[in-house]
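Asker: File follows, structure-v4.cif with mmCIF, C-alpha atoms:
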data_query
#
loop_
_atom_site.label_atom_id
_atom_site.label_comp_id
_atom_site.auth_asym_id
_atom_site.auth_seq_id
_atom_site.Cartn_x
_atom_site.Cartn_y
_atom_site.Cartn_z
CA MET L 1 19.87 -16.90 52.87
CA VAL L 2 21.05 -17.98 49.44
CA ALA L 3 19.47 -21.37 49.93
CA CYS L 4 16.17 -19.74 50.86
CA LEU L 5 16.24 -17.54 47.78
CA LEU L 6 17.02 -20.43 45.47
CA SER L 7 14.36 -22.58 47.10
CA GLY L 8 11.72 -19.86 46.69
CA LEU L 9 12.69 -19.29 43.06
CA LEU L 10 12.47 -22.96 42.18
CA VAL L 11 9.09 -23.30 43.89
CA ALA L 12 7.81 -20.37 41.82
CA THR L 13 9.07 -21.86 38.55
CA LEU L 14 7.98 -25.48 39.14
CA PRO L 15 4.47 -26.47 37.93
CA SER L 16 1.76 -25.43 40.33
CA GLY L 17 0.21 -28.23 42.31
CA SER L 18 3.37 -30.35 42.26
CA ALA L 19 3.43 -32.38 45.47
CA ASN L 20 7.20 -32.54 45.62
CA ALA L 21 7.88 -28.96 44.53
CA GLU L 22 9.10 -27.76 47.92
CA ALA L 23 11.10 -30.91 48.56
CA VAL L 24 12.84 -30.72 45.19
CA ALA L 25 13.53 -27.03 45.64
CA GLY L 26 14.92 -27.59 49.11
CA SER L 27 17.16 -30.41 47.96
CA VAL L 28 18.53 -28.44 45.02
CA ALA L 29 19.13 -25.40 47.17
CA SER L 30 20.87 -27.48 49.81
CA ASP L 31 23.13 -29.17 47.26
CA ALA L 32 23.92 -25.82 45.67
CA GLN L 33 24.78 -24.33 49.04
CA ALA L 34 27.13 -27.22 49.70
CA TRP L 35 28.97 -27.20 46.42
CA LEU L 36 28.92 -23.63 45.15
CA PRO L 37 30.30 -20.44 46.69
CA ALA L 38 27.68 -18.00 47.93
CA ASN L 39 28.61 -15.31 45.42
CA MET L 40 28.13 -17.67 42.48
CA LEU L 41 24.75 -18.73 43.82
CA VAL L 42 23.70 -15.11 43.98
CA ILE L 43 24.77 -14.60 40.37
CA ILE L 44 22.83 -17.69 39.28
CA LEU L 45 19.76 -16.54 41.17
CA LEU L 46 19.92 -13.11 39.60
CA GLY L 47 20.39 -14.60 36.14
CA MET L 48 17.42 -16.95 36.55
CA THR L 49 15.26 -14.13 37.90
CA SER L 50 16.20 -11.89 34.98
CA ALA L 51 15.51 -14.66 32.47
CA ILE L 52 12.08 -15.32 33.94
CA ALA L 53 11.28 -11.58 33.94
CA LEU L 54 12.36 -11.26 30.31
CA MET L 55 10.23 -14.25 29.31
CA ARG L 56 7.20 -12.76 31.03
CA LEU L 57 7.85 -9.38 29.40
CA ALA L 58 8.15 -11.01 25.98
CA ALA L 59 4.87 -12.85 26.50
CA MET L 60 3.14 -9.62 27.54
CA GLN L 61 4.54 -7.79 24.50
CA LEU L 62 3.33 -10.58 22.20
CA ARG L 63 -0.18 -10.44 23.68
CA LEU L 64 -0.22 -6.65 23.37
CA GLN L 65 0.96 -6.84 19.75
CA ARG L 66 -1.80 -9.31 18.88
CA GLU L 67 -4.42 -7.14 20.57
CA VAL L 68 -3.22 -4.07 18.66
CA GLN L 69 -3.29 -5.97 15.35
CA ALA L 70 -6.80 -7.23 16.05
CA HIS L 71 -7.94 -3.70 16.91
CA GLN L 72 -6.38 -2.30 13.73
CA ALA L 73 -8.01 -4.99 11.59
CA LEU L 74 -11.39 -4.26 13.17
CA GLU L 75 -10.90 -0.52 12.60
CA ARG L 76 -10.04 -1.09 8.93
CA HIS L 77 -13.11 -3.27 8.57
CA PHE L 78 -15.41 -0.60 10.00
CA ARG L 79 -13.81 2.12 7.86
CA ALA L 80 -14.41 -0.01 4.78
CA LEU L 81 -18.05 -0.53 5.76
CA MET L 82 -18.53 3.20 6.31
CA ALA L 83 -17.30 3.86 2.76
CA LEU L 84 -19.95 1.60 1.20
CA ASP L 85 -23.63 2.07 0.49
CA GLY L 86 -25.56 -0.30 2.71
CA LEU L 87 -28.06 -1.38 0.05
CA THR L 88 -26.04 -1.80 -3.13
CA GLY L 89 -22.56 -2.43 -1.76
CA LEU L 90 -21.11 0.26 -4.04
CA PRO L 91 -19.01 3.11 -2.65
CA ASN L 92 -21.14 5.87 -1.17
CA ARG L 93 -21.08 9.54 -2.14
CA HIS L 94 -18.37 10.54 0.32
CA SER L 95 -16.07 7.73 -0.75
CA PHE L 96 -16.71 8.43 -4.42
CA LEU L 97 -15.86 12.11 -4.09
CA ASP L 98 -12.60 11.33 -2.32
CA GLN L 99 -11.52 8.79 -4.91
CA ALA L 100 -12.73 10.90 -7.83
CA ALA L 101 -10.73 13.93 -6.65
CA ALA L 102 -7.55 11.85 -6.47
CA ALA L 103 -8.18 10.24 -9.87
CA LEU L 104 -8.92 13.60 -11.48
CA ALA L 105 -5.72 15.14 -10.09
CA ALA L 106 -3.71 12.21 -11.45
CA SER L 107 -5.46 12.48 -14.80
CA VAL L 108 -4.65 16.15 -15.14
CA ALA L 109 -1.03 15.64 -14.07
CA GLN L 110 -0.55 12.81 -16.56
CA ARG L 111 -2.54 14.55 -19.31
CA GLN L 112 -4.86 11.56 -19.57
CA PRO L 113 -8.57 11.69 -20.45
CA LEU L 114 -11.20 11.10 -17.79
CA CYS L 115 -14.99 11.06 -17.98
CA LEU L 116 -17.69 11.20 -15.35
CA LEU L 117 -21.22 9.82 -15.74
CA ARG L 118 -24.22 10.78 -13.61
CA ILE L 119 -27.07 8.29 -13.84
CA ASP L 120 -30.66 8.54 -12.65
CA ILE L 121 -33.62 6.15 -12.89
CA ASP L 122 -36.51 7.78 -14.71
CA GLN L 123 -39.69 8.20 -12.62
CA PHE L 124 -38.26 6.05 -9.87
CA HIS L 125 -40.78 7.28 -7.32
CA GLN L 126 -43.56 5.57 -9.28
CA ILE L 127 -42.01 2.17 -8.63
CA ASN L 128 -41.93 2.82 -4.89
CA ASP L 129 -45.45 4.29 -4.86
CA ARG L 130 -47.00 1.53 -6.93
CA TYR L 131 -45.07 -1.60 -5.97
CA GLY L 132 -43.47 -0.74 -2.64
CA GLN L 133 -39.99 0.02 -1.34
CA LEU L 134 -38.73 -3.55 -1.66
CA ALA L 135 -39.42 -3.47 -5.38
CA GLY L 136 -37.59 -0.17 -5.63
CA ASP L 137 -34.64 -1.61 -3.73
CA ASP L 138 -34.51 -4.50 -6.18
CA GLN L 139 -34.20 -2.07 -9.07
CA LEU L 140 -31.45 -0.13 -7.33
CA THR L 141 -29.40 -3.24 -6.61
CA SER L 142 -29.95 -4.53 -10.14
CA LEU L 143 -28.72 -1.27 -11.67
CA ALA L 144 -25.76 -1.15 -9.28
CA ARG L 145 -24.73 -4.64 -10.34
CA SER L 146 -25.00 -3.67 -14.01
CA LEU L 147 -22.83 -0.58 -13.52
CA TYR L 148 -20.19 -2.57 -11.69
CA GLU L 149 -20.09 -5.26 -14.36
CA GLN L 150 -19.80 -2.70 -17.17
CA LEU L 151 -16.66 -1.28 -15.58
CA GLU L 152 -14.84 -4.61 -15.96
CA GLY L 153 -12.44 -3.62 -13.19
CA ALA L 154 -11.49 -0.26 -14.74
CA GLY L 155 -13.06 2.79 -13.09
CA LEU L 156 -15.41 3.41 -10.22
CA ALA L 157 -19.16 3.15 -9.76
CA ALA L 158 -20.98 4.59 -6.75
CA ARG L 159 -24.43 5.30 -5.39
CA MET L 160 -24.66 9.03 -4.84
CA GLY L 161 -27.96 8.86 -2.97
CA GLY L 162 -31.57 7.94 -3.69
CA ASP L 163 -31.80 6.64 -7.25
CA GLU L 164 -28.74 8.54 -8.52
CA PHE L 165 -25.49 6.81 -9.38
CA ALA L 166 -22.16 7.91 -10.79
CA MET L 167 -19.38 6.31 -12.77
CA LEU L 168 -15.80 7.56 -13.01
CA LEU L 169 -13.82 6.45 -16.04
CA PRO L 170 -10.09 7.32 -15.83
CA GLY L 171 -8.15 6.95 -19.05
CA THR L 172 -11.37 6.88 -21.06
CA SER L 173 -12.03 9.13 -24.03
CA LEU L 174 -15.37 10.82 -24.56
CA PRO L 175 -16.44 8.54 -27.45
CA ALA L 176 -15.61 5.45 -25.34
CA ALA L 177 -17.55 6.88 -22.41
CA GLU L 178 -20.55 7.52 -24.68
CA ALA L 179 -20.43 3.93 -25.92
CA LEU L 180 -20.31 2.57 -22.37
CA ALA L 181 -23.17 4.84 -21.29
CA GLU L 182 -25.29 3.62 -24.16
CA ARG L 183 -24.64 0.01 -23.20
CA VAL L 184 -25.70 0.78 -19.63
CA ARG L 185 -28.84 2.55 -20.82
CA ALA L 186 -29.80 -0.25 -23.23
CA GLU L 187 -29.22 -2.97 -20.64
CA ALA L 188 -31.38 -1.16 -18.08
CA ALA L 189 -34.20 -0.71 -20.60
CA GLY L 190 -34.04 -4.38 -21.56
CA THR L 191 -34.11 -5.73 -18.01
CA PRO L 192 -37.55 -6.84 -16.83
CA ALA L 193 -38.67 -5.08 -13.69
CA VAL L 194 -41.57 -5.45 -11.30
CA ALA L 195 -44.96 -6.35 -12.74
CA GLU L 196 -43.34 -6.84 -16.19
CA THR L 197 -42.62 -3.13 -16.49
CA GLY L 198 -39.14 -2.12 -17.52
CA ILE L 199 -37.17 0.79 -16.14
CA THR L 200 -35.32 3.43 -18.06
CA ILE L 201 -32.38 5.57 -17.02
CA SER L 202 -30.97 8.91 -18.08
CA ILE L 203 -27.24 9.58 -18.19
CA GLY L 204 -25.22 12.78 -18.30
CA ILE L 205 -21.55 12.73 -19.31
CA ALA L 206 -18.80 15.27 -18.73
CA SER L 207 -15.18 15.10 -19.82
CA ALA L 208 -12.25 16.29 -17.71
CA GLN L 209 -10.46 17.50 -20.83
CA ALA L 210 -12.25 20.82 -20.44
CA ASN L 211 -11.20 21.43 -16.81
CA GLY L 212 -9.46 19.87 -13.84
CA LYS L 213 -11.95 20.66 -11.07
CA LEU L 214 -14.22 17.99 -9.69
CA ASP L 215 -17.07 20.34 -8.72
CA LEU L 216 -17.21 21.70 -12.29
CA LEU L 217 -17.09 18.19 -13.71
CA LEU L 218 -19.97 17.11 -11.48
CA ALA L 219 -21.95 20.23 -12.40
CA GLN L 220 -21.45 19.65 -16.12
CA ALA L 221 -22.53 16.02 -15.87
CA GLY L 222 -25.49 17.12 -13.73
CA ARG L 223 -26.64 19.62 -16.33
CA ALA L 224 -26.32 17.01 -19.04
CA LEU L 225 -28.37 14.59 -16.94
CA ALA L 226 -31.07 17.21 -16.41
CA ASP L 227 -31.23 17.89 -20.15
CA ALA L 228 -31.58 14.18 -20.88
CA LYS L 229 -34.48 13.89 -18.44
CA ARG L 230 -36.18 17.02 -19.79
CA ALA L 231 -35.96 15.55 -23.28
CA GLY L 232 -38.05 12.58 -22.14
CA GLY L 233 -35.59 10.33 -20.35
CA ASN L 234 -34.07 7.04 -21.51
CA GLN L 235 -31.28 9.05 -23.11
CA VAL L 236 -27.57 9.80 -22.92
CA ALA L 237 -26.53 13.45 -23.00
CA VAL L 238 -23.01 14.89 -23.21
CA ALA L 239 -21.72 18.20 -21.91
CA ARG L 240 -19.22 19.17 -24.57
CA LEU L 241 -17.80 22.31 -22.95
CA PRO L 242 -18.49 24.12 -19.66
CA ASP L 243 -20.35 26.94 -21.42
CA GLU L 244 -22.28 24.77 -23.86
CA ALA L 245 -25.62 23.11 -23.21
CA ALA L 246 -25.67 19.33 -23.24
CA TYR L 247 -27.40 17.69 -26.11
CA PRO L 248 -29.26 14.34 -26.15
CA LEU L 249 -27.82 11.45 -28.04
CA HIS L 250 -29.35 7.98 -28.24
CA ARG L 251 -32.91 7.15 -27.34
#
When written as structure tokens, how does the structure in this file appear?
Answerer:
Amino acid sequence: MVACLLSGLLVATLPSGSANAEAVAGSVASDAQAWLPANMLVIILLGMTSAIALMRLAAMQLRLQREVQAHQALERHFRALMALDGLTGLPNRHSFLDQAAAALAASVAQRQPLCLLRIDIDQFHQINDRYGQLAGDDQLTSLARSLYEQLEGAGLAARMGGDEFAMLLPGTSLPAAEALAERVRAEAAGTPAVAETGITISIGIASAQANGKLDLLLAQAGRALADAKRAGGNQVAVARLPDEAAYPLHR
């Protein structure tokens, strides 16, 4: 019986298709039966069987680990894509709001300044109506690239929807935010657009020094943006305090 067990085990472990597999297994089993006590052969058989089972289990665990890692990487990739605007590559509104809320909370806790800019292309619908959607998309991607470059790695720019963008500037004072907004406005006005017509943008700024709530900060910047557009566009407007009207700055 021991010889049969050993023979079967060796046949299973030898390479498949080996012409002499059964003969080798039978010879080894016969020799083992002749020289070793039956109890020791049983122990050897059990040890070999356990070793093979452990090797197979380890291989299965390794395959499973690789599959899980691949699935997790794919899931992270899709989550990252869902957080981005498909046209401009900037974070979308949902992603911006999540990151802005965290940055604002940290700013308040650390007593650091923070400013938020809301940006809108003036009369954007005219570009789409006159030159087509592709021309409008070109202007959106061009402005998105400009906003990203102006950040220089500090802050966050996002497309909030349509032709509206936002910039979050942690650790930035109001005068510094005004200077950055003016650079963005001037660069947009100086960039040639479709059919040799330039575009202009309006920008509203709010400072977190007045409050620590994101919805209020967005509302303040939104009111400042609306005032800049009502004043003729191509302007930067600042909301000084929650109960004060924004006033236009540079044209």
Asker: Between CA of Gly204 in chain L and CA of Val238 in chain L, measure the distance and give it in Å to one decimal.
Answerer: 5.8 Å
Asker: In Å to one decimal, how far is CA of Ala189 in chain L from CA of Ala208 in chain L?
Answerer: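 Distance between the two atoms: 27.9 Å.
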Asker: Between CA of Ala186 in chain L and CA of Asp215 in chain L, what is the distance, to one decimal in Å?
Answerer: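 That distance, rounded to one decimal, is 28.2 Å.
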Asker: Could you spell out the hits of the PyMOL selection byres ((chain L and resi 157-172) around 8) on the shown file, as number ranges by chain?
Answerer: L: 85, 88, 90-93, 96, 100, 103-104, 107, 112-121, 124, 140, 144, 147-148, 151, 154-156, 173-174, 176-177
Asker: Can you tell me which residues surround Ala105 in chain L at a distance of at most 10 Å, considering only C-alpha atoms, apart from same-chain residues fewer than 6 positions away, and format the answer as a PDB file with C-alpha atoms, in the coordinates of the input?
Answerer:
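So result-v4.pdb came out as:
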ATOM      1  CA  ARG L 111      -2.540  14.550 -19.310  1.00  0.00           C
ATOM      2  CA  GLY L 212      -9.460  19.870 -13.840  1.00  0.00           C
ATOM      3  CA  LYS L 213     -11.950  20.660 -11.070  1.00  0.00           C
ATOM      4  CA  LEU L 214     -14.220  17.990  -9.690  1.00  0.00           C
TER       5      LEU L 214
END
Asker: Can you pull out the residues contacting Ser202 in chain L? Cut-off 9 Å, using only C-alpha atoms, and skip same-chain residues under 3 positions away; I want them as a ChimeraX atom specification.
Answerer: /L:118-122,185,225-226,228-229,232-237
Asker: Export, as a short mmCIF file (atom, residue, chain, number, x, y, z; two decimals), in the coordinates of the input, the selected residues with C-alpha atoms.
Answerer:
data_model
loop_
_atom_site.label_atom_id
_atom_site.label_comp_id
_atom_site.auth_asym_id
_atom_site.auth_seq_id
_atom_site.Cartn_x
_atom_site.Cartn_y
_atom_site.Cartn_z
CA ARG L 118 -24.22 10.78 -13.61
CA ILE L 119 -27.07 8.29 -13.84
CA ASP L 120 -30.66 8.54 -12.65
CA ILE L 121 -33.62 6.15 -12.89
CA ASP L 122 -36.51 7.78 -14.71
CA ARG L 185 -28.84 2.55 -20.82
CA LEU L 225 -28.37 14.59 -16.94
CA ALA L 226 -31.07 17.21 -16.41
CA ALA L 228 -31.58 14.18 -20.88
CA LYS L 229 -34.48 13.89 -18.44
CA GLY L 232 -38.05 12.58 -22.14
CA GLY L 233 -35.59 10.33 -20.35
CA ASN L 234 -34.07 7.04 -21.51
CA GLN L 235 -31.28 9.05 -23.11
CA VAL L 236 -27.57 9.80 -22.92
CA ALA L 237 -26.53 13.45 -23.00
#
Asker: May I ask which of the residues L:Ile201, L:Leu180, L:Leu97, L:Met60 is the closest one to Gln150 in chain L, counting all atoms listed in the file?
Answerer: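 Ranked by minimum distance to Gln150 in chain L, first place goes to L:Leu180.
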